[in-house]
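K.L.:
Handing over protein14.cif, mmCIF, C-alpha atoms.
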```
data_work
#
loop_
_atom_site.label_atom_id
_atom_site.label_comp_id
_atom_site.auth_asym_id
_atom_site.auth_seq_id
_atom_site.Cartn_x
_atom_site.Cartn_y
_atom_site.Cartn_z
CA MET A 1 0.00 0.00 0.00
CA PRO A 2 2.72 2.54 0.81
CA GLU A 3 4.28 1.80 -2.59
CA LYS A 4 0.94 2.51 -4.25
CA ASP A 5 0.58 5.83 -2.39
CA ASP A 6 4.12 6.77 -3.32
CA MET A 7 3.40 5.96 -6.96
CA LYS A 8 0.24 8.06 -6.85
CA ALA A 9 2.09 11.04 -5.35
CA ARG A 10 4.82 10.77 -7.96
CA LEU A 11 2.27 10.56 -10.75
CA ALA A 12 0.40 13.60 -9.40
CA ARG A 13 3.62 15.61 -9.15
CA LYS A 14 4.70 14.60 -12.63
CA SER A 15 1.32 15.40 -14.17
CA GLU A 16 1.37 18.80 -12.42
CA GLU A 17 4.79 19.56 -13.89
CA VAL A 18 3.79 18.42 -17.37
CA SER A 19 0.51 20.35 -17.35
CA SER A 20 2.33 23.50 -16.18
CA ALA A 21 4.84 23.14 -19.01
CA ILE A 22 2.10 22.49 -21.58
CA LEU A 23 0.06 25.49 -20.43
CA THR A 24 3.15 27.70 -20.57
CA ILE A 25 3.99 26.53 -24.07
CA VAL A 26 0.39 27.08 -25.23
CA ALA A 27 0.32 30.58 -23.73
CA ASP A 28 3.66 31.45 -25.35
CA VAL A 29 2.41 30.16 -28.69
CA ILE A 30 -0.75 32.28 -28.33
CA MET A 31 1.45 35.33 -27.75
CA LEU A 32 3.40 34.54 -30.90
CA VAL A 33 0.15 34.00 -32.83
CA VAL A 34 -1.12 37.40 -31.66
CA TRP A 35 2.10 38.99 -32.90
CA LEU A 36 1.82 37.14 -36.21
CA ALA A 37 -1.83 38.16 -36.65
CA VAL A 38 -1.05 41.81 -35.95
CA GLU A 39 1.92 41.76 -38.30
CA SER A 40 -0.03 40.04 -41.05
CA GLY A 41 -2.92 42.49 -40.67
CA PHE A 42 -0.49 45.38 -40.75
CA GLU A 43 1.26 44.11 -43.88
CA HIS A 44 -1.96 43.22 -45.72
CA TYR A 45 -4.24 46.12 -44.82
CA VAL A 46 -2.14 49.06 -43.68
CA THR A 47 0.95 48.86 -45.86
CA PRO A 48 -0.83 48.93 -49.27
CA ARG A 49 -2.94 51.92 -48.15
CA PHE A 50 -0.13 54.00 -46.69
CA PRO A 51 0.64 56.95 -48.99
CA VAL A 52 4.27 56.39 -50.00
CA GLU A 53 4.79 58.73 -52.91
CA THR A 54 8.09 60.36 -52.06
CA TYR A 55 11.40 58.66 -51.45
CA ILE A 56 11.58 59.97 -47.86
CA SER A 57 8.14 58.73 -46.89
CA ARG A 58 8.93 55.33 -48.38
CA ALA A 59 12.20 55.10 -46.44
CA VAL A 60 10.63 56.29 -43.18
CA PHE A 61 7.77 53.84 -43.56
CA LEU A 62 10.17 50.96 -44.23
CA VAL A 63 12.15 51.79 -41.09
CA PHE A 64 8.91 52.02 -39.13
CA ARG A 65 7.74 48.61 -40.40
CA VAL A 66 11.02 46.98 -39.40
CA LEU A 67 10.95 48.64 -35.98
CA VAL A 68 7.34 47.63 -35.34
CA ALA A 69 8.00 44.02 -36.31
CA LEU A 70 11.13 43.74 -34.15
CA SER A 71 9.83 45.62 -31.12
CA THR A 72 6.58 43.71 -30.94
CA LEU A 73 8.36 40.40 -31.49
CA ALA A 74 10.72 41.24 -28.64
CA ILE A 75 8.11 40.70 -25.90
CA PRO A 76 6.91 37.20 -26.90
CA GLY A 77 10.49 36.33 -27.85
CA ILE A 78 11.92 37.33 -24.49
CA TYR A 79 9.24 35.48 -22.52
CA THR A 80 9.47 32.37 -24.67
CA TYR A 81 13.23 32.36 -24.20
CA GLU A 82 12.77 32.83 -20.45
CA ASP A 83 10.33 29.92 -20.22
CA ILE A 84 12.51 27.61 -22.32
CA ARG A 85 15.54 28.47 -20.17
CA THR A 86 13.49 27.82 -17.04
CA MET A 87 12.39 24.41 -18.33
CA LEU A 88 15.99 23.52 -19.19
CA LEU A 89 17.26 24.64 -15.78
CA LYS A 90 14.52 22.70 -14.04
CA SER A 91 15.31 19.52 -15.93
CA ARG A 92 19.02 20.00 -15.23
CA ALA A 93 18.31 20.46 -11.51
CA ARG A 94 16.13 17.33 -11.57
CA ILE A 95 18.90 15.29 -13.23
CA ARG A 96 21.44 16.54 -10.69
CA MET A 97 19.13 15.69 -7.81
CA VAL A 98 18.61 12.13 -9.11
CA ALA A 99 22.36 11.71 -9.60
CA LYS A 100 23.00 12.90 -6.03
CA MET A 101 20.38 10.53 -4.64
CA GLU A 102 21.85 7.62 -6.57
CA ALA A 103 25.34 8.47 -5.36
CA ALA A 104 24.11 8.67 -1.76
CA ALA A 105 22.33 5.33 -2.14
CA ALA A 106 25.46 3.75 -3.62
CA GLN A 107 27.48 5.00 -0.64
CA GLU A 108 24.97 3.62 1.82
CA ILE A 109 25.00 0.06 0.41
CA PRO A 110 28.73 -0.70 1.02
CA GLU A 111 28.48 0.85 4.50
CA LYS A 112 25.57 -1.47 5.34
CA THR A 113 27.30 -4.53 3.92
CA GLY A 114 30.45 -3.61 5.84
CA GLN A 115 28.48 -3.32 9.08
CA GLU A 116 26.76 -6.65 8.46
CA GLY A 117 30.14 -8.30 7.82
CA ALA A 118 31.51 -6.89 11.06
CA ILE A 119 28.55 -8.24 13.04
CA GLN A 120 28.98 -11.70 11.56
CA MET B 1 11.07 33.26 -13.16
CA SER B 2 11.97 32.29 -9.62
CA ASP B 3 9.54 31.09 -7.00
CA GLY B 4 9.61 31.64 -3.28
CA ASP B 5 12.06 28.85 -2.56
CA GLY B 6 14.67 30.41 -4.80
CA GLN B 7 14.08 27.78 -7.49
CA PHE B 8 13.21 28.47 -11.08
CA GLY B 9 9.55 28.22 -11.89
CA LEU B 10 7.15 28.57 -14.77
CA PRO B 11 4.16 30.93 -14.61
CA PHE B 12 1.71 28.05 -14.15
CA ASP B 13 3.71 26.32 -11.40
CA ASP B 14 1.78 28.14 -8.66
CA GLY B 15 -1.60 27.29 -10.13
CA VAL B 16 -3.72 28.27 -13.12
CA LEU B 17 -4.83 31.57 -11.59
CA ALA B 18 -1.26 32.69 -10.89
CA GLY B 19 -0.29 31.68 -14.43
CA LEU B 20 -3.19 33.59 -15.93
CA LYS B 21 -2.21 36.65 -13.90
CA ALA B 22 1.38 36.41 -15.13
CA TYR B 23 0.22 36.07 -18.73
CA ALA B 24 -2.22 38.97 -18.32
CA GLY B 25 0.81 41.11 -17.50
CA ARG B 26 2.73 39.81 -20.50
CA PHE B 27 -0.17 40.33 -22.89
CA GLY B 28 -0.74 43.76 -21.35
CA MET B 29 2.82 44.74 -22.22
CA LEU B 30 2.42 43.42 -25.76
CA PHE B 31 -0.84 45.33 -26.32
CA LEU B 32 0.62 48.49 -24.79
CA LEU B 33 3.49 48.30 -27.24
CA LEU B 34 1.10 47.67 -30.12
CA ALA B 35 -0.99 50.67 -29.07
CA PHE B 36 2.13 52.83 -28.96
CA ASN B 37 3.12 51.64 -32.42
CA ALA B 38 -0.38 52.38 -33.71
CA MET B 39 -0.11 55.89 -32.30
CA VAL B 40 3.23 56.42 -34.04
CA LEU B 41 1.72 55.07 -37.27
CA CYS B 42 -1.15 57.56 -37.03
CA LEU B 43 1.34 60.36 -36.47
CA LEU B 44 3.39 59.19 -39.45
CA TRP B 45 0.31 58.98 -41.64
CA SER B 46 -0.83 62.44 -40.69
CA ALA B 47 2.72 63.72 -41.24
CA VAL B 48 2.55 62.47 -44.82
CA LEU B 49 -0.94 63.81 -45.46
CA PHE B 50 -0.79 67.05 -43.46
CA PRO B 51 2.87 67.88 -42.87
CA LEU B 52 2.37 71.46 -41.69
CA GLN B 53 -0.42 70.67 -39.22
CA THR B 54 1.52 67.71 -37.82
CA ALA B 55 4.62 69.86 -37.39
CA PHE B 56 2.57 72.39 -35.41
CA PHE B 57 1.10 69.59 -33.35
CA GLY B 58 4.55 68.11 -32.66
CA VAL B 59 6.01 71.47 -31.69
CA GLY B 60 3.02 72.04 -29.39
CA ILE B 61 3.61 68.74 -27.62
CA ILE B 62 7.34 69.47 -27.21
CA VAL B 63 6.57 72.92 -25.78
CA CYS B 64 4.08 71.43 -23.32
CA VAL B 65 6.58 68.81 -22.14
CA LEU B 66 9.32 71.41 -21.73
CA ALA B 67 6.98 73.71 -19.81
CA TYR B 68 6.00 70.87 -17.51
CA LEU B 69 9.63 69.94 -16.87
CA LEU B 70 10.53 73.54 -16.12
CA TYR B 71 7.61 73.82 -13.73
CA GLN B 72 8.65 70.61 -11.97
CA THR B 73 12.25 71.77 -11.60
CA ASN B 74 11.11 75.10 -10.21
CA LEU B 75 8.72 73.45 -7.77
CA ARG B 76 11.35 71.03 -6.53
CA GLN B 77 13.82 73.82 -6.10
CA ARG B 78 11.40 75.85 -4.02
CA LEU B 79 10.38 72.88 -1.89
CA TRP B 80 14.00 71.91 -1.39
CA VAL B 81 14.75 75.33 0.06
CA ARG B 82 11.64 75.24 2.23
CA GLU B 83 12.49 71.86 3.65
CA ARG B 84 16.01 72.99 4.42
CA VAL B 85 14.68 76.01 6.25
CA ARG B 86 12.21 73.91 8.21
CA SER B 87 14.78 71.38 9.30
CA ALA B 88 17.16 74.17 10.34
CA MET B 89 14.46 75.67 12.51
CA GLY B 90 13.82 72.35 14.19
CA ASN B 91 10.37 72.03 12.71
CA GLN B 92 9.73 68.38 11.97
CA GLU B 93 6.43 69.05 10.27
CA SER B 94 6.16 67.19 6.98
CA LEU B 95 5.43 68.90 3.73
CA PRO B 96 1.83 69.59 2.78
CA ARG B 97 -0.20 66.76 1.38
CA GLY B 98 -1.17 66.73 -2.25
CA ILE B 99 2.39 66.69 -3.48
CA SER B 100 2.55 62.94 -3.29
CA LEU B 101 5.64 62.38 -5.39
CA LEU B 102 7.58 65.04 -3.60
CA SER B 103 6.36 64.01 -0.17
CA ILE B 104 7.85 60.59 -0.91
CA LEU B 105 11.09 62.29 -1.82
CA PHE B 106 10.94 64.41 1.33
CA ALA B 107 10.25 61.47 3.62
CA ARG B 108 10.51 61.98 7.39
CA HIS B 109 13.16 59.35 7.75
CA THR B 110 16.54 61.01 7.93
CA ASP B 111 18.28 58.68 5.51
CA ALA B 112 15.52 59.03 2.96
CA LYS B 113 15.59 62.77 3.45
CA ASP B 114 19.33 62.90 2.94
CA LYS B 115 18.98 60.78 -0.16
CA ALA B 116 16.29 63.09 -1.44
CA TYR B 117 18.57 66.09 -0.86
CA ARG B 118 21.35 64.40 -2.75
CA ASP B 119 19.08 63.41 -5.63
CA ILE B 120 17.55 66.81 -5.95
CA SER B 121 20.80 68.68 -5.54
CA SER B 122 22.32 66.60 -8.29
CA GLN B 123 19.31 67.29 -10.49
CA ILE B 124 19.42 71.03 -10.09
CA LYS B 125 23.09 71.72 -10.52
CA ARG B 126 22.34 75.12 -11.92
CA ILE B 127 21.18 76.37 -8.57
CA THR B 128 24.19 77.42 -6.52
CA ILE B 129 24.34 77.87 -2.78
CA GLU B 130 24.71 81.62 -3.28
CA GLU B 131 21.50 81.81 -5.22
CA ILE B 132 19.65 79.92 -2.50
CA ASN B 133 21.14 82.16 0.18
CA GLN B 134 20.11 85.25 -1.76
CA ASN B 135 16.63 83.82 -2.08
CA LEU B 136 16.48 83.11 1.66
CA GLU B 137 17.77 86.57 2.50
CA ARG B 138 15.18 88.16 0.26
CA ARG B 139 12.47 86.20 2.05
CA GLY B 140 13.79 87.26 5.44
CA ALA B 141 14.66 83.75 6.64
CA GLN B 142 17.05 83.47 9.56
CA VAL B 143 18.90 80.63 8.00
CA LYS B 144 21.60 80.22 5.41
CA LEU B 145 23.32 77.35 3.74
CA ASP B 146 27.03 76.80 4.22
CA SER B 147 29.38 75.71 1.45
CA ASP B 148 28.36 72.05 1.89
CA GLY B 149 24.71 72.96 1.63
CA ASN B 150 23.97 72.42 5.32
CA PRO B 151 21.60 74.90 6.96
CA ILE B 152 23.04 77.27 9.55
CA MET B 153 21.19 79.74 11.71
CA THR B 154 22.06 83.40 11.27
CA PRO B 155 21.99 85.72 14.29
CA LYS B 156 18.90 87.87 14.60
CA VAL B 157 19.70 91.45 13.66
CA LYS B 158 17.67 94.10 15.33
CA GLY B 159 16.53 96.60 12.81
CA VAL B 160 15.08 100.06 13.05
CA GLY B 161 11.80 100.18 14.85
CA GLN B 162 12.31 96.90 16.65
CA GLY B 163 12.47 98.20 20.14
CA SER B 164 16.07 99.44 20.35
CA ILE B 165 16.22 102.72 22.22
#
```
So that I can check it, write out the structure of this file as structure tokens.
P.N.:
Amino acid sequence: MPEKDDMKARLARKSEEVSSAILTIVADVIMLVVWLAVESGFEHYVTPRFPVETYISRAVFLVFRVLVALSTLAIPGIYTYEDIRTMLLKSRARIRMVAKMEAAAAQEIPEKTGQEGAIQ
Amino acid sequence: MSDGDGQFGLPFDDGVLAGLKAYAGRFGMLFLLLAFNAMVLCLLWSAVLFPLQTAFFGVGIIVCVLAYLLYQTNLRQRLWVRERVRSAMGNQESLPRGISLLSILFARHTDAKDKAYRDISSQIKRITIEEINQNLERRGAQVKLDSDGNPIMTPKVKGVGQGSI
């Protein structure tokens, strides 16, 4: 029974972690989709209607388009990067923790066998 | 990025509500930036269609901002002098309410007050000690600032018609 409870707790923790990661990824993707929708709307509806008759207005508008695209991409980009880095760091910390536990367990086994040998 | 235990965490680690709150902030920033870009686009469009009117509009905005900054500097300068005078006279009364930003700057706590003095004095480098002393003298205050900017009491001078026979 204790093994079953332990298994349940582990499963619950794991599913919590996975659902958190999935929700984060979905939210980040939605942010990127919003950016893409705005950019596509801007390029399809605003750009053809903007009065670019002179060379200066054309150049200024081109600079503006590039700046808009980059600046608005920066926010979803930064947060996506942050979340990916967080996931990587978490998995690294998890791997390290498991390695430490295994090392501790490996140290305990010879100690126990040594003690048993001494008793005999 | 980091949760309370000092570990790295995702927005949804503390629950769906906390995650939604975090993403509301992120989306808010994105929409704020989009709104700003839309405003710049409108300005650009009007600059192409009505260059003269837009130039007038732009100059008007710049003038308003400059006037506001000048007003702020002047207000801070006056309040700075007043606070100095008050502290020199041993009056611990705080500045009037309504000037919330400045009342934060002029906090009662000595360290915060000193910091505020330093901040403000670095902001208004144009104002010299002599100018402040002249201002104080003109107002009849019995206090002056020494070369370090610390307030010092000046002896009361009996003038004509003040009871000296």
K.L.:
Show me as a PyMOL selection string the residues that reach within 12 Å of (7.9, 42.8, -34.5), counting all atoms listed in the file and using the file's own coordinates.
P.N.:
(chain A and resi 31-40+42-43+63-77) or (chain B and resi 30+33-34+37)
K.L.:
Counting only C-alpha atoms, collect the residues of chain B whose closest atom lies at most 12 Å from chain A, and write them out as a PyMOL selection string.
P.N.:
chain B and resi 1-3+7-51
K.L.:
Could you tell me how far atom CA of B:Pro151 sits from atom CA of B:Ile129, in Å to one decimal place?
P.N.:
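For atom CA of B:Ile129 relative to atom CA of B:Pro151, the distance reads 10.5 Å.
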K.L.:
Evaluate the PyMOL selection byres ((chain B and resi 144) around 10) here and jot the selected residues down as a PyMOL selection string.
P.N.:
chain B and resi 81+84-85+88+129-130+132-137+141-143+145-147+149-154
K.L.:
Selection from above, C-alpha atoms, as a PDB file, in the coordinates of the input, can you write it?
P.N.:
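Written out: out18.pdb:
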```
ATOM      1  CA  VAL B  81      14.750  75.330   0.060  1.00  0.00           C
ATOM      2  CA  ARG B  84      16.010  72.990   4.420  1.00  0.00           C
ATOM      3  CA  VAL B  85      14.680  76.010   6.250  1.00  0.00           C
ATOM      4  CA  ALA B  88      17.160  74.170  10.340  1.00  0.00           C
ATOM      5  CA  ILE B 129      24.340  77.870  -2.780  1.00  0.00           C
ATOM      6  CA  GLU B 130      24.710  81.620  -3.280  1.00  0.00           C
ATOM      7  CA  ILE B 132      19.650  79.920  -2.500  1.00  0.00           C
ATOM      8  CA  ASN B 133      21.140  82.160   0.180  1.00  0.00           C
ATOM      9  CA  GLN B 134      20.110  85.250  -1.760  1.00  0.00           C
ATOM     10  CA  ASN B 135      16.630  83.820  -2.080  1.00  0.00           C
ATOM     11  CA  LEU B 136      16.480  83.110   1.660  1.00  0.00           C
ATOM     12  CA  GLU B 137      17.770  86.570   2.500  1.00  0.00           C
ATOM     13  CA  ALA B 141      14.660  83.750   6.640  1.00  0.00           C
ATOM     14  CA  GLN B 142      17.050  83.470   9.560  1.00  0.00           C
ATOM     15  CA  VAL B 143      18.900  80.630   8.000  1.00  0.00           C
ATOM     16  CA  LEU B 145      23.320  77.350   3.740  1.00  0.00           C
ATOM     17  CA  ASP B 146      27.030  76.800   4.220  1.00  0.00           C
ATOM     18  CA  SER B 147      29.380  75.710   1.450  1.00  0.00           C
ATOM     19  CA  GLY B 149      24.710  72.960   1.630  1.00  0.00           C
ATOM     20  CA  ASN B 150      23.970  72.420   5.320  1.00  0.00           C
ATOM     21  CA  PRO B 151      21.600  74.900   6.960  1.00  0.00           C
ATOM     22  CA  ILE B 152      23.040  77.270   9.550  1.00  0.00           C
ATOM     23  CA  MET B 153      21.190  79.740  11.710  1.00  0.00           C
ATOM     24  CA  THR B 154      22.060  83.400  11.270  1.00  0.00           C
TER      25      THR B 154
END
```
K.L.:
As an exercise, work out the distance from atom CA of A:Ala103 to atom CA of A:Lys4 in Å and give it to one decimal place.
P.N.:
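So the two atoms, atom CA of A:Ala103 and atom CA of A:Lys4, lie 25.1 Å apart.
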K.L.:
Between atom CA of A:Ile25 and atom CA of A:Ile78, what is the spacing in Å?
P.N.:
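So the answer is 13.4 Å.
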